[in-house]
Structures are given as C-alpha cells and as structure tokens.
file target.csv (CSV, C-alpha atoms and all ligand atoms)
chain,number,residue,atom,x,y,z
A,1,MET,CA,92.2,85.5,125.5
A,2,ASN,CA,92.3,86.1,129.2
A,3,VAL,CA,91.4,89.6,130.4
A,4,ASN,CA,91.7,90.1,134.2
A,5,GLY,CA,91.6,86.4,134.7
A,6,THR,CA,88.5,85.7,132.6
A,7,HIS,CA,88.6,84.1,129.1
A,8,TYR,CA,86.9,86.3,126.5
A,9,ARG,CA,86.1,85.8,122.9
A,10,THR,CA,85.7,89.1,121.0
A,11,ILE,CA,82.0,88.4,120.2
A,12,TRP,CA,79.6,86.0,122.0
A,13,PRO,CA,75.9,85.3,122.5
A,14,ASP,CA,74.5,87.2,125.5
A,15,PRO,CA,74.2,84.5,128.2
A,16,ASP,CA,71.3,86.5,129.8
A,17,ASN,CA,69.3,87.1,126.6
A,18,GLN,CA,68.9,84.8,123.6
A,19,GLN,CA,68.0,87.7,121.5
A,20,SER,CA,71.2,89.6,121.7
A,21,ILE,CA,75.0,89.4,121.1
A,22,LYS,CA,77.8,90.9,123.1
A,23,ILE,CA,81.0,92.6,121.8
A,24,ILE,CA,83.9,94.5,123.1
A,25,ASP,CA,83.9,98.2,122.1
A,26,GLN,CA,87.5,98.4,120.9
A,27,ARG,CA,87.4,102.2,120.7
A,28,TYR,CA,88.0,102.3,124.4
A,29,LEU,CA,91.0,100.0,124.6
A,30,PRO,CA,93.5,99.9,126.2
A,31,HIS,CA,92.2,102.2,128.9
A,32,GLN,CA,88.7,100.8,129.4
A,33,PHE,CA,87.3,97.3,128.8
A,34,VAL,CA,83.8,98.2,127.6
A,35,THR,CA,81.3,95.7,126.3
A,36,ARG,CA,78.2,96.5,124.2
A,37,THR,CA,75.0,94.6,123.3
A,38,LEU,CA,73.8,94.2,119.7
A,39,SER,CA,70.1,93.6,119.3
A,40,SER,CA,69.4,94.2,115.6
A,41,PRO,CA,71.2,94.2,112.2
A,42,ASP,CA,71.4,98.0,112.4
A,43,ASP,CA,73.4,97.6,115.7
A,44,ALA,CA,75.7,95.2,113.9
A,45,PHE,CA,76.1,97.6,110.9
A,46,ARG,CA,77.0,100.4,113.3
A,47,ALA,CA,79.4,98.3,115.2
A,48,ILE,CA,81.3,97.4,112.0
A,49,ASN,CA,81.0,100.8,110.3
A,50,GLN,CA,82.1,102.9,113.3
A,51,MET,CA,84.8,100.4,114.2
A,52,LEU,CA,83.6,99.3,117.6
A,53,VAL,CA,84.7,95.9,116.1
A,54,ARG,CA,87.3,95.7,113.4
A,55,GLY,CA,89.7,93.3,111.8
A,56,ALA,CA,88.7,91.0,109.0
A,57,GLY,CA,87.7,87.9,111.0
A,58,LEU,CA,85.8,89.8,113.6
A,59,ILE,CA,84.0,91.9,111.0
A,60,GLY,CA,82.9,88.6,109.4
A,61,ALA,CA,81.8,87.0,112.7
A,62,THR,CA,79.8,90.2,113.6
A,63,ALA,CA,78.2,90.2,110.2
A,64,GLY,CA,77.2,86.5,110.7
A,65,TYR,CA,75.6,87.3,114.0
A,66,GLY,CA,74.1,90.4,112.4
A,67,MET,CA,72.2,88.1,110.0
A,68,TYR,CA,71.0,86.1,112.9
A,69,LEU,CA,69.7,89.3,114.5
A,70,ALA,CA,68.0,90.1,111.2
A,71,ALA,CA,66.2,86.8,111.2
A,72,LEU,CA,65.1,87.4,114.8
A,73,THR,CA,63.7,90.9,114.1
A,74,ALA,CA,62.3,90.2,110.6
A,75,ASP,CA,58.6,90.1,109.8
A,76,PRO,CA,57.9,86.3,109.5
A,77,LYS,CA,55.7,86.9,106.5
A,78,ARG,CA,58.5,88.5,104.5
A,79,ILE,CA,61.5,87.0,106.2
A,80,HIS,CA,63.6,86.3,103.1
A,81,GLU,CA,63.1,89.9,101.8
A,82,ASP,CA,64.1,91.3,105.2
A,83,LEU,CA,67.2,89.1,105.3
A,84,GLN,CA,68.2,90.3,101.8
A,85,ALA,CA,67.8,93.9,102.9
A,86,ALA,CA,69.9,93.2,106.1
A,87,ALA,CA,72.5,91.5,103.9
A,88,GLU,CA,72.9,94.5,101.7
A,89,LEU,CA,73.1,96.8,104.7
A,90,LEU,CA,75.7,94.8,106.4
A,91,ILE,CA,77.9,94.3,103.3
A,92,SER,CA,77.9,98.1,102.8
A,93,ALA,CA,79.4,98.7,106.3
A,94,ARG,CA,83.0,98.5,105.2
A,95,PRO,CA,84.4,97.7,101.7
A,96,THR,CA,87.8,96.0,102.0
A,97,ALA,CA,87.6,93.0,104.3
A,98,VAL,CA,86.1,90.2,102.2
A,99,ASN,CA,85.1,88.2,105.3
A,100,LEU,CA,82.1,90.5,105.6
A,101,ALA,CA,80.4,89.5,102.4
A,102,TRP,CA,81.6,85.9,102.8
A,103,ALA,CA,79.9,85.6,106.2
A,104,VAL,CA,76.7,87.3,105.1
A,105,HIS,CA,76.4,84.9,102.1
A,106,ARG,CA,77.2,81.9,104.2
A,107,VAL,CA,74.2,82.6,106.5
A,108,LEU,CA,72.0,83.5,103.5
A,109,THR,CA,72.8,80.2,101.8
A,110,ALA,CA,72.2,78.3,105.0
A,111,VAL,CA,68.6,79.6,105.2
A,112,SER,CA,67.8,80.0,101.5
A,113,SER,CA,65.7,76.8,101.1
A,114,LEU,CA,63.8,77.2,104.5
A,115,ALA,CA,60.3,78.5,104.8
A,116,SER,CA,59.4,78.6,108.5
A,117,ALA,CA,60.6,81.6,110.5
A,118,THR,CA,61.4,79.4,113.5
A,119,GLU,CA,63.6,77.2,111.4
A,120,ILE,CA,65.3,80.1,109.7
A,121,ARG,CA,66.1,81.7,113.0
A,122,SER,CA,67.7,78.6,114.5
A,123,THR,CA,69.6,77.8,111.3
A,124,ALA,CA,70.9,81.4,111.1
A,125,ARG,CA,72.1,81.2,114.7
A,126,PHE,CA,73.7,77.9,114.1
A,127,ALA,CA,75.5,79.3,111.0
A,128,ALA,CA,76.7,82.4,112.8
A,129,GLU,CA,78.1,80.3,115.7
A,130,GLU,CA,79.7,78.0,113.2
A,131,ILE,CA,81.4,81.0,111.6
A,132,ALA,CA,82.7,82.2,115.0
A,133,ASP,CA,83.9,78.8,116.1
A,134,GLU,CA,85.6,78.1,112.8
A,135,ASP,CA,87.4,81.5,112.9
A,136,ALA,CA,88.8,80.6,116.4
A,137,ARG,CA,89.8,77.1,115.3
A,138,TYR,CA,91.4,78.2,112.1
A,139,CYS,CA,93.4,80.9,113.9
A,140,ARG,CA,94.7,78.2,116.3
A,141,GLN,CA,95.8,76.1,113.4
A,142,ILE,CA,97.5,79.1,111.8
A,143,GLY,CA,99.4,79.4,115.0
A,144,GLN,CA,100.6,75.8,114.7
A,145,HIS,CA,101.7,76.2,111.1
A,146,GLY,CA,103.2,79.6,111.6
A,147,LYS,CA,105.3,78.7,114.6
A,148,GLU,CA,107.4,76.4,112.3
A,149,VAL,CA,108.4,79.6,110.5
A,150,ILE,CA,109.6,81.2,113.7
A,151,ASP,CA,111.2,77.9,114.9
A,152,THR,CA,113.3,77.7,111.8
A,153,ILE,CA,114.6,81.3,112.4
A,154,TRP,CA,115.2,80.5,116.1
A,155,HIS,CA,117.4,77.5,115.2
A,156,ARG,CA,119.2,79.5,112.4
A,157,LYS,CA,120.0,82.2,115.0
A,158,GLY,CA,121.4,79.6,117.4
A,159,LYS,CA,118.4,80.0,119.7
A,160,GLN,CA,118.9,83.8,120.1
A,161,CYS,CA,115.8,86.0,120.5
A,162,VAL,CA,113.7,86.2,117.3
A,163,ASN,CA,112.6,89.8,116.5
A,164,ILE,CA,109.3,89.9,114.7
A,165,LEU,CA,107.8,93.1,113.2
A,166,THR,CA,104.0,93.4,112.9
A,167,HIS,CA,101.8,96.1,111.5
A,168,CYS,CA,98.3,97.0,112.7
A,169,ASN,CA,96.4,94.5,114.8
A,170,ALA,CA,95.9,91.0,113.3
A,171,GLY,CA,95.5,89.6,116.8
A,172,TRP,CA,92.8,88.2,119.0
A,173,LEU,CA,90.9,91.5,118.7
A,174,ALA,CA,90.8,91.3,114.9
A,175,PHE,CA,89.3,87.8,115.1
A,176,VAL,CA,87.2,85.8,117.5
A,177,ASP,CA,90.2,84.4,119.3
A,178,TYR,CA,94.0,83.9,119.0
A,179,GLY,CA,94.4,86.2,115.9
A,180,SER,CA,96.1,85.4,112.7
A,181,ALA,CA,99.5,87.1,112.9
A,182,THR,CA,99.7,86.7,116.7
A,183,ALA,CA,98.7,83.0,116.8
A,184,PRO,CA,102.2,81.8,115.6
A,185,ILE,CA,103.8,84.2,118.2
A,186,TYR,CA,101.7,82.7,121.0
A,187,ALA,CA,102.4,79.1,119.8
A,188,ALA,CA,106.1,79.8,119.5
A,189,ARG,CA,106.2,81.3,123.0
A,190,ASP,CA,104.4,78.2,124.3
A,191,ASP,CA,107.2,76.1,122.8
A,192,GLY,CA,109.8,78.0,124.7
A,193,ILE,CA,111.0,80.2,121.8
A,194,ASN,CA,112.4,83.5,123.0
A,195,LEU,CA,110.9,86.3,120.9
A,196,HIS,CA,110.3,90.0,120.8
A,197,VAL,CA,107.8,91.9,118.7
A,198,TRP,CA,108.3,95.4,117.1
A,199,VAL,CA,104.8,96.9,116.9
A,200,ASP,CA,104.1,99.6,114.3
A,201,GLU,CA,101.8,102.3,115.9
A,202,THR,CA,99.5,102.2,112.8
A,203,ARG,CA,98.2,105.7,112.3
A,204,PRO,CA,95.6,107.0,112.3
A,205,TRP,CA,93.6,104.5,114.4
A,206,ASN,CA,96.7,103.3,116.2
A,207,GLN,CA,95.6,99.7,116.2
A,208,GLY,CA,99.2,98.7,116.9
A,209,ALA,CA,99.8,101.1,119.7
A,210,ARG,CA,96.3,100.7,121.3
A,211,LEU,CA,95.4,97.1,120.6
A,212,THR,CA,98.4,94.9,119.6
A,213,CYS,CA,100.6,96.3,122.5
A,214,TRP,CA,97.7,95.7,124.9
A,215,GLU,CA,97.2,92.1,123.7
A,216,LEU,CA,100.9,91.3,123.8
A,217,GLU,CA,101.0,92.7,127.3
A,218,GLN,CA,98.1,90.4,128.4
A,219,GLU,CA,100.0,87.5,127.0
A,220,GLY,CA,103.3,88.5,128.5
A,221,ILE,CA,105.1,88.8,125.2
A,222,ALA,CA,108.1,91.2,125.1
A,223,HIS,CA,107.3,94.0,122.7
A,224,THR,CA,108.3,97.5,121.7
A,225,LEU,CA,106.1,100.2,120.1
A,226,ILE,CA,107.7,102.0,117.1
A,227,THR,CA,106.5,104.7,114.8
A,228,ASP,CA,105.1,103.6,111.5
A,229,ASN,CA,108.2,104.8,109.6
A,230,ALA,CA,110.8,103.1,111.9
A,231,GLY,CA,110.7,99.6,110.4
A,232,GLY,CA,113.0,100.2,107.5
A,233,HIS,CA,115.7,101.6,109.8
A,234,LEU,CA,115.4,98.6,112.1
A,235,MET,CA,115.6,96.2,109.2
A,236,GLN,CA,118.8,97.9,108.0
A,237,CYS,CA,120.3,97.6,111.5
A,238,GLY,CA,119.6,93.9,111.6
A,239,GLU,CA,117.0,94.2,114.3
A,240,VAL,CA,114.2,92.4,112.4
A,241,ASP,CA,114.3,88.7,111.6
A,242,LEU,CA,110.7,88.2,110.3
A,243,ILE,CA,107.7,90.3,109.3
A,244,LEU,CA,104.4,88.8,110.2
A,245,VAL,CA,101.2,90.6,109.2
A,246,GLY,CA,97.5,89.8,108.7
A,247,SER,CA,95.3,90.5,105.7
A,248,ASP,CA,91.8,91.9,105.0
A,249,ARG,CA,91.6,90.4,101.6
A,250,THR,CA,94.0,88.3,99.6
A,251,THR,CA,93.4,87.4,96.0
A,252,HIS,CA,93.6,83.8,94.9
A,253,THR,CA,96.7,84.9,93.0
A,254,GLY,CA,98.4,86.0,96.2
A,255,ASP,CA,98.1,89.8,96.2
A,256,VAL,CA,97.5,91.0,99.8
A,257,ALA,CA,95.3,93.9,101.0
A,258,ASN,CA,96.3,94.9,104.5
A,259,LYS,CA,96.4,98.0,106.6
A,260,ILE,CA,97.9,101.1,104.9
A,261,GLY,CA,101.7,101.0,105.2
A,262,THR,CA,102.1,97.2,104.8
A,263,TYR,CA,103.4,97.6,101.3
A,264,LEU,CA,106.2,99.8,102.4
A,265,LYS,CA,107.2,97.2,105.0
A,266,ALA,CA,107.3,94.5,102.3
A,267,LEU,CA,109.4,96.7,100.1
A,268,ALA,CA,111.9,97.3,102.9
A,269,ALA,CA,111.9,93.6,103.8
A,270,ARG,CA,112.8,92.7,100.2
A,271,ASP,CA,115.6,95.2,100.1
A,272,ASN,CA,117.0,93.8,103.4
A,273,ASP,CA,116.4,90.1,102.6
A,274,ILE,CA,114.0,89.6,105.5
A,275,PRO,CA,111.1,87.0,105.2
A,276,PHE,CA,107.7,88.7,104.9
A,277,TYR,CA,104.8,86.3,105.8
A,278,VAL,CA,101.1,87.0,105.8
A,279,ALA,CA,98.8,85.0,108.1
A,280,LEU,CA,95.2,84.5,107.1
A,281,PRO,CA,92.3,82.1,107.3
A,282,SER,CA,90.7,80.8,104.1
A,283,SER,CA,87.7,83.2,104.7
A,284,THR,CA,90.0,86.1,103.7
A,285,PHE,CA,90.8,84.7,100.2
A,286,ASP,CA,88.9,86.4,97.4
A,287,TRP,CA,88.4,83.7,94.8
A,288,THR,CA,86.9,86.1,92.2
A,289,LEU,CA,89.6,88.8,91.8
A,290,ASP,CA,92.8,88.1,89.9
A,291,LYS,CA,94.6,91.3,90.8
A,292,GLY,CA,95.0,93.1,94.1
A,293,THR,CA,94.6,96.4,92.3
A,294,GLU,CA,90.9,95.4,91.8
A,295,ILE,CA,90.3,95.4,95.6
A,296,SER,CA,88.2,98.2,96.9
A,297,ILE,CA,90.3,100.3,99.3
A,298,GLU,CA,88.5,102.0,102.1
A,299,GLN,CA,88.9,105.8,102.4
A,300,ARG,CA,87.8,107.2,105.8
A,301,SER,CA,87.4,110.8,107.0
A,302,GLY,CA,90.4,113.1,106.7
A,303,GLU,CA,89.7,114.2,110.2
A,304,GLU,CA,91.1,111.0,111.5
A,305,ILE,CA,94.5,112.3,110.3
A,306,THR,CA,94.2,116.0,111.0
A,307,GLN,CA,93.1,115.3,114.6
A,308,ILE,CA,94.3,113.1,117.3
A,309,SER,CA,92.0,111.7,119.9
A,310,GLY,CA,92.5,109.6,123.0
A,311,LEU,CA,91.1,109.0,126.5
A,312,THR,CA,92.1,111.1,129.5
A,313,GLU,CA,93.0,109.3,132.7
A,314,ASP,CA,89.4,109.7,134.0
A,315,GLY,CA,88.0,108.1,130.8
A,316,ARG,CA,86.9,111.2,128.8
A,317,ARG,CA,87.5,111.2,125.1
A,318,GLU,CA,89.5,114.2,124.0
A,319,THR,CA,90.2,115.2,120.4
A,320,ILE,CA,92.7,117.9,119.4
A,321,SER,CA,93.6,119.2,116.0
A,322,ILE,CA,97.3,118.9,114.8
A,323,THR,CA,97.0,120.8,111.5
A,324,SER,CA,95.8,124.2,110.5
A,325,ALA,CA,92.0,124.2,109.9
A,326,SER,CA,92.5,124.4,106.1
A,327,THR,CA,94.7,121.4,105.7
A,328,ARG,CA,93.2,118.8,103.3
A,329,ALA,CA,93.9,115.1,104.1
A,330,LYS,CA,93.3,111.8,102.3
A,331,ASN,CA,92.9,108.8,104.5
A,332,TYR,CA,93.5,105.5,102.8
A,333,GLY,CA,92.8,102.6,105.0
A,334,PHE,CA,94.6,99.8,103.2
A,335,ASP,CA,97.2,99.1,100.5
A,336,ILE,CA,98.1,96.2,98.3
A,337,THR,CA,101.3,94.2,98.7
A,338,PRO,CA,101.9,92.3,95.4
A,339,ALA,CA,102.4,88.6,95.6
A,340,ARG,CA,106.0,88.8,94.4
A,341,LEU,CA,107.0,90.5,97.7
A,342,VAL,CA,105.3,87.9,99.9
A,343,THR,CA,107.5,85.0,101.1
A,344,GLY,CA,104.6,82.9,102.1
A,345,LEU,CA,101.0,82.7,103.3
A,346,ILE,CA,100.3,81.0,106.6
A,347,THR,CA,96.8,79.5,106.5
A,348,GLU,CA,94.8,77.0,108.6
A,349,ARG,CA,95.9,74.2,106.2
A,350,GLY,CA,99.6,75.1,106.0
A,351,VAL,CA,102.1,77.5,104.6
A,352,VAL,CA,102.1,78.2,100.9
A,353,PRO,CA,103.9,80.4,98.4
A,354,ALA,CA,101.7,83.4,97.4
A,355,GLU,CA,101.0,81.9,94.0
A,356,ARG,CA,97.8,81.0,92.3
A,357,SER,CA,98.7,77.3,91.6
A,358,ALA,CA,99.9,76.7,95.2
A,359,ILE,CA,96.9,78.4,96.7
A,360,HIS,CA,94.5,76.5,94.5
A,361,ALA,CA,96.3,73.2,95.3
A,362,LEU,CA,95.8,73.8,99.0
A,363,PHE,CA,92.2,74.8,98.7
A,364,PRO,CA,90.8,72.8,95.8
A,365,ASP,CA,87.3,72.8,97.5
A,366,LEU,CA,87.2,76.5,97.8
A,367,CYS,CA,88.7,77.9,94.6
A,368,SER,CA,86.2,78.1,91.7
A,369,SER,CA,88.7,76.7,89.0
A,370,PRO,CA,91.2,74.2,90.6
A,401,LIG,O1,90.8,99.0,109.8
A,401,LIG,P1,90.9,97.7,110.6
A,401,LIG,O2,91.3,97.9,112.0
A,401,LIG,O3,89.6,96.8,110.5
A,401,LIG,O4,92.0,96.9,109.8
A,401,LIG,C1,92.1,95.6,109.9
A,401,LIG,C2,93.4,95.3,110.5
A,401,LIG,O5,93.6,95.3,111.7
A,401,LIG,C3,94.5,95.0,109.6
A,401,LIG,O6,94.6,95.4,108.4
A,401,LIG,C4,95.0,93.6,109.9
A,401,LIG,O7,96.4,93.6,109.7
A,401,LIG,C5,94.3,92.5,109.2
A,401,LIG,S1,92.8,92.1,109.8
A,401,LIG,C6,93.0,90.5,110.3
call {"tool": "encode", "arguments": {"input": "target.csv", "output": "structure tokens"}}
result
Amino acid sequence: MNVNGTHYRTIWPDPDNQQSIKIIDQRYLPHQFVTRTLSSPDDAFRAINQMLVRGAGLIGATAGYGMYLAALTADPKRIHEDLQAAAELLISARPTAVNLAWAVHRVLTAVSSLASATEIRSTARFAAEEIADEDARYCRQIGQHGKEVIDTIWHRKGKQCVNILTHCNAGWLAFVDYGSATAPIYAARDDGINLHVWVDETRPWNQGARLTCWELEQEGIAHTLITDNAGGHLMQCGEVDLILVGSDRTTHTGDVANKIGTYLKALAARDNDIPFYVALPSSTFDWTLDKGTEISIEQRSGEEITQISGLTEDGRRETISITSASTRAKNYGFDITPARLVTGLITERGVVPAERSAIHALFPDLCSSP
C-alpha cells in the first residue's frame, strides 16, 4: 500500500543491513508512522506478543522472518537445537492465529535436512521471503475472487452504492500487502463499483478505528466508523448489503475464529438475511481441528478494557482509567462463528461454502484426508 507516496509492505528485509528485518510499529497508527528493526528471534517474539505487528498473515510472515533471524544468530555447532528453541518461543507468542505455527514449521521443514550453517541461513531466508511473497500474492487473488461477490450485489442493487460492514482489521496491516477482507473492496473499487464501508471500532485495541479507517482513507474508500454494537441496528435499517471479515484460524470444517464480536455480527446477519463472507488465505486453515470450539482463544490483560489509551497531538501516549479501581474485567480476543452462519469463504483459489467437503475439494493438496 502507498503511504505518503511510497509503497510499503508491512514487513521487509532491511535494505541497509542483511542481518535485520523492518516492520511498522502499528501501536502508533494512525497518528505516527513508526518503523522498527528486528535483529533476533527475541525481537520477533516481542513484536508479535506485544502487538507491534498483528493480524494472522503478518504474524505468520514475522514468525517466518523470526526463524531466519534465529538461523543467523544461532551457534553454527548447534544450529538445529537453536532453531527448535526459537520455534517454540515464536509459537508461544500468541495462541489463536494458526499462521504463526504454520510459518514456523514451514521454515523448519525447509532446513531440516541441511547441515551447513551457511546453507541453513540462506534457505531460511528464502523460505521467509517465500512466505511473505505468497501472502501478498494470495491476498491479491482473494481480491479478484471476492470482488465477484460485491459485483453481484452491485448489479442486484441496480448499481447503487454497496454498503459493506467489516470488523477489526483484516487489511493490508494484518497481512504483508492488500489484506484479506479489504482486497475485494480495493478490487471492486478498481472496477468502478461504488461502495461504502461501515467500520466497527473493535474494542479494546480499536483495530477498526485506528487501522482499518486509516487504510481505507489512504485508499480513498468511503467509510464510516461505528461502535461495535451498532451493526445490528444498521442491518435492521437496510444499511448493510454484505459483511466481509477476515479470520485468524478456520477449521477445515468451516468454523471461523476471528476478532471478538464477529459471532454477534454473523447472528445479526442471519436474522436480517445479509450475506456473511469470510476472506482468508489457505495458511489460515487449520487442517487438524474438526470443531471451532477446540481453537485456543487468546485472553489478554483486563487493563486493556478498564483503561483507554491513545496518543496526544504531540505524540505522547496517555492512558486513563474508565472504571473504578476494583472492577474486574475479562478480555477475550476472539470468538468462533460456526460454519452454519457463514455464507462463503473467499480464498486464493476461489469462493467456497464453509463446509468440509467443499474446502477439501478446493485444497486436496493441503488437507490431510481428501
Ligand atoms: O488481535 P489481532 O489484531 O491480531 O487480531 C487479528 C485481526 O485483526 C482480526 O481478527 C482479523 O479480522 C483477522 S486477521 C487477518
């Protein structure tokens, strides 16, 4: 995506230093565009764990590069042991997005039969770059398939503006480029479809308010920020034509883990007969779990709910409490939308119903039992 006239991916090898990787520190957006340097697997762990980077695809890409950094910093005499330790560390950074473990294992597999440290390092770098490039390419393809969904609604409405509701940030910032849920929006806009996006604020991290709105603004897409609970009302009023969200993990049976609050949107969509689509690359499928209820749901600190923080105009972070000091809070990061509430999954290979047989038929090479 272009920021101030320059094209950026969300993660890239440092052009000035072969030993490090650059990221955007998303905690400062939209007020400041801050980049950081990762030089070790510990740096990559912290970037994921403390949410400098976030979103399933980008977490995966960061983990891939984290493994490359682990290969660089490992003791050549015990490089496989060091890589294994880094893999365990990185996988522990956050529990829900399956792309994390997927990317780590992809790099581990690529180097598993190699002995020389030099070869392991160059292979790990190649694998990490492949993960990032593939992520960008797949998101682009998701855009091409997903725009057909928007196009159908556009024609059904007699070429009136299509109103799309999205939750959280499944955009460029959640991936390496384009995004999953935003890619069809950009592709439809490029085809001349008139559209408008309702953006859920997505408490408590406000990924919708801080990140999705900023991204849509950079792309010149008409959008309106709403509170997390406004979607049902807008659906009842006929103001939503389509719901388009991303996913952090989707079982091979079609149950979708996504940012907390997604399930309630899907329920309201069903009650109001509104299509509910999930956009995801194949790296977000979990081929081992049969039920969404088996997915590990991240719980973060309650302070993220009892406090609000933001940047002042001069760039200082300020945090204020909004509850009494004794209020207890539970902070669930994700929820599960059962497959029966999902109209379709938009993947890099096409749009499929959220059903085991259809998913397996589209990805016979990836599912363990076709
Ligand atoms: O906690 P986050 O910001 O890492 O959550 C990820 C998300 O932004 C969403 O759940 C998103 O819709 C799917 S990630 C592609």
call {"tool": "residues_near_ligand", "arguments": {"input": "target.csv", "ligand": "ligand LIG 401 (chain A)", "cutoff": "6 Å", "atoms": "only C-alpha atoms and all ligand atoms", "output": "ChimeraX atom specification"}}
result
/A:54-57,168-170,174,245-248,258-259
call {"tool": "closest_residue", "arguments": {"input": "target.csv", "among": "A:Glu148, A:Glu129, A:Asp290, A:Asp228", "to": "Arg203 in chain A", "atoms": "only C-alpha atoms"}}
result
A:Asp228
call {"tool": "residues_around", "arguments": {"input": "target.csv", "residues": "range 194-202 of chain A", "least_positions_apart": "3", "cutoff": "6 Å", "atoms": "all atoms listed in the file", "output": "MDAnalysis selection string"}}
result
chainID A and resid 161:168 206:209 222:228
call {"tool": "closest_atom_pairs", "arguments": {"input": "target.csv", "of": "range 185-293 of chain A", "to": "range 302-318 of chain A", "cutoff": "10 Å", "atoms": "all atoms listed in the file", "output": "JSON lines"}}
result
{"residue": "A:Arg203", "atom": "CA", "partner": "A:Ile305", "partner_atom": "CA", "distance": 7.8}
{"residue": "A:Pro204", "atom": "CA", "partner": "A:Ile305", "partner_atom": "CA", "distance": 5.8}
{"residue": "A:Trp205", "atom": "CA", "partner": "A:Glu304", "partner_atom": "CA", "distance": 7.5}
{"residue": "A:Arg210", "atom": "CA", "partner": "A:Gly310", "partner_atom": "CA", "distance": 9.8}
call {"tool": "residues_around", "arguments": {"input": "target.csv", "residues": "Gly292 in chain A", "least_positions_apart": "5", "cutoff": "7 Å", "atoms": "all atoms listed in the file", "output": "PyMOL selection string"}}
result
chain A and resi 251+255-257+336
call {"tool": "residues_around", "arguments": {"input": "target.csv", "residues": "Leu72 in chain A", "least_positions_apart": "6", "cutoff": "10 Å", "atoms": "only C-alpha atoms", "output": "PDB file with C-alpha atoms, in the coordinates of the input"}}
result
ATOM      1  CA  GLN A  18      68.900  84.800 123.600  1.00  0.00           C
ATOM      2  CA  GLN A  19      68.000  87.700 121.500  1.00  0.00           C
ATOM      3  CA  SER A  20      71.200  89.600 121.700  1.00  0.00           C
ATOM      4  CA  SER A  39      70.100  93.600 119.300  1.00  0.00           C
ATOM      5  CA  SER A  40      69.400  94.200 115.600  1.00  0.00           C
ATOM      6  CA  PRO A  41      71.200  94.200 112.200  1.00  0.00           C
ATOM      7  CA  GLY A  66      74.100  90.400 112.400  1.00  0.00           C
ATOM      8  CA  ILE A  79      61.500  87.000 106.200  1.00  0.00           C
ATOM      9  CA  LEU A  83      67.200  89.100 105.300  1.00  0.00           C
ATOM     10  CA  ALA A 117      60.600  81.600 110.500  1.00  0.00           C
ATOM     11  CA  THR A 118      61.400  79.400 113.500  1.00  0.00           C
ATOM     12  CA  ILE A 120      65.300  80.100 109.700  1.00  0.00           C
ATOM     13  CA  ARG A 121      66.100  81.700 113.000  1.00  0.00           C
ATOM     14  CA  SER A 122      67.700  78.600 114.500  1.00  0.00           C
ATOM     15  CA  ALA A 124      70.900  81.400 111.100  1.00  0.00           C
ATOM     16  CA  ARG A 125      72.100  81.200 114.700  1.00  0.00           C
TER      17      ARG A 125
END
call {"tool": "closest_residue", "arguments": {"input": "target.csv", "among": "A:Gln50, A:Ser368, A:Thr10, A:Ser180", "to": "Tyr138 in chain A", "atoms": "all atoms listed in the file"}}
result
A:Ser180
call {"tool": "residues_around", "arguments": {"input": "target.csv", "residues": "Ala361 in chain A", "least_positions_apart": "4", "cutoff": "12 Å", "atoms": "all atoms listed in the file", "output": "mmCIF file with C-alpha atoms, in the coordinates of the input"}}
result
data_model
loop_
_atom_site.group_PDB
_atom_site.id
_atom_site.type_symbol
_atom_site.label_atom_id
_atom_site.label_comp_id
_atom_site.auth_asym_id
_atom_site.auth_seq_id
_atom_site.Cartn_x
_atom_site.Cartn_y
_atom_site.Cartn_z
ATOM 1 C CA HIS A 252 93.600 83.800 94.900
ATOM 2 C CA THR A 253 96.700 84.900 93.000
ATOM 3 C CA ARG A 349 95.900 74.200 106.200
ATOM 4 C CA GLY A 350 99.600 75.100 106.000
ATOM 5 C CA VAL A 351 102.100 77.500 104.600
ATOM 6 C CA VAL A 352 102.100 78.200 100.900
ATOM 7 C CA PRO A 353 103.900 80.400 98.400
ATOM 8 C CA ALA A 354 101.700 83.400 97.400
ATOM 9 C CA GLU A 355 101.000 81.900 94.000
ATOM 10 C CA ARG A 356 97.800 81.000 92.300
ATOM 11 C CA SER A 357 98.700 77.300 91.600
ATOM 12 C CA ASP A 365 87.300 72.800 97.500
ATOM 13 C CA LEU A 366 87.200 76.500 97.800
ATOM 14 C CA CYS A 367 88.700 77.900 94.600
ATOM 15 C CA SER A 368 86.200 78.100 91.700
ATOM 16 C CA SER A 369 88.700 76.700 89.000
ATOM 17 C CA PRO A 370 91.200 74.200 90.600
#
call {"tool": "closest_residue", "arguments": {"input": "target.csv", "among": "A:Asn17, A:Glu217, A:Ile274, A:Pro281", "to": "Gly231 in chain A", "atoms": "all atoms listed in the file"}}
result
A:Ile274
call {"tool": "atom_distance", "arguments": {"input": "target.csv", "atom1": "CA of Met1 in chain A", "atom2": "CA of Asp177 in chain A"}}
result
6.6 Å
call {"tool": "atom_distance", "arguments": {"input": "target.csv", "atom1": "CA of Leu341 in chain A", "atom2": "CA of Lys157 in chain A"}}
result
23.2 Å
call {"tool": "closest_residue", "arguments": {"input": "target.csv", "among": "A:Gly220, A:Pro76, A:Gly238, A:Pro95", "to": "Asn49 in chain A", "atoms": "all atoms listed in the file"}}
result
A:Pro95
call {"tool": "residues_around", "arguments": {"input": "target.csv", "residues": "Ala47 in chain A", "least_positions_apart": "4", "cutoff": "9 Å", "atoms": "all atoms listed in the file", "output": "list of chain:residue names"}}
result
A:Ile23, A:Asp25, A:Leu38, A:Asp42, A:Asp43, A:Met51, A:Leu52, A:Val53, A:Arg54, A:Ile59, A:Thr62, A:Ala93
call {"tool": "build_atoms", "arguments": {"input": "target.csv", "residues": "range 78-88 of chain A", "atoms": "N, CA and C atoms", "output": "JSON list (two decimals), in the frame of the given file"}}
result
[["chain", "number", "residue", "atom", "x", "y", "z"],
["A", 78, "ARG", "N", 57.61, 88.07, 105.60],
["A", 78, "ARG", "CA", 58.50, 88.50, 104.50],
["A", 78, "ARG", "C", 59.98, 88.34, 104.96],
["A", 79, "ILE", "N", 60.23, 87.21, 105.58],
["A", 79, "ILE", "CA", 61.50, 87.00, 106.20],
["A", 79, "ILE", "C", 62.69, 87.01, 105.23],
["A", 80, "HIS", "N", 62.48, 86.39, 104.06],
["A", 80, "HIS", "CA", 63.60, 86.30, 103.10],
["A", 80, "HIS", "C", 63.90, 87.72, 102.54],
["A", 81, "GLU", "N", 62.87, 88.52, 102.30],
["A", 81, "GLU", "CA", 63.10, 89.90, 101.80],
["A", 81, "GLU", "C", 63.85, 90.70, 102.89],
["A", 82, "ASP", "N", 63.42, 90.55, 104.14],
["A", 82, "ASP", "CA", 64.10, 91.30, 105.20],
["A", 82, "ASP", "C", 65.55, 90.86, 105.38],
["A", 83, "LEU", "N", 65.78, 89.57, 105.21],
["A", 83, "LEU", "CA", 67.20, 89.10, 105.30],
["A", 83, "LEU", "C", 68.02, 89.64, 104.17],
["A", 84, "GLN", "N", 67.42, 89.71, 102.99],
["A", 84, "GLN", "CA", 68.20, 90.30, 101.80],
["A", 84, "GLN", "C", 68.52, 91.73, 102.10],
["A", 85, "ALA", "N", 67.58, 92.49, 102.65],
["A", 85, "ALA", "CA", 67.80, 93.90, 102.90],
["A", 85, "ALA", "C", 68.94, 94.04, 103.99],
["A", 86, "ALA", "N", 68.90, 93.18, 105.01],
["A", 86, "ALA", "CA", 69.90, 93.20, 106.10],
["A", 86, "ALA", "C", 71.29, 92.85, 105.47],
["A", 87, "ALA", "N", 71.28, 91.90, 104.55],
["A", 87, "ALA", "CA", 72.50, 91.50, 103.90],
["A", 87, "ALA", "C", 73.18, 92.66, 103.19],
["A", 88, "GLU", "N", 72.35, 93.38, 102.43],
["A", 88, "GLU", "CA", 72.90, 94.50, 101.70],
["A", 88, "GLU", "C", 73.41, 95.60, 102.63]]
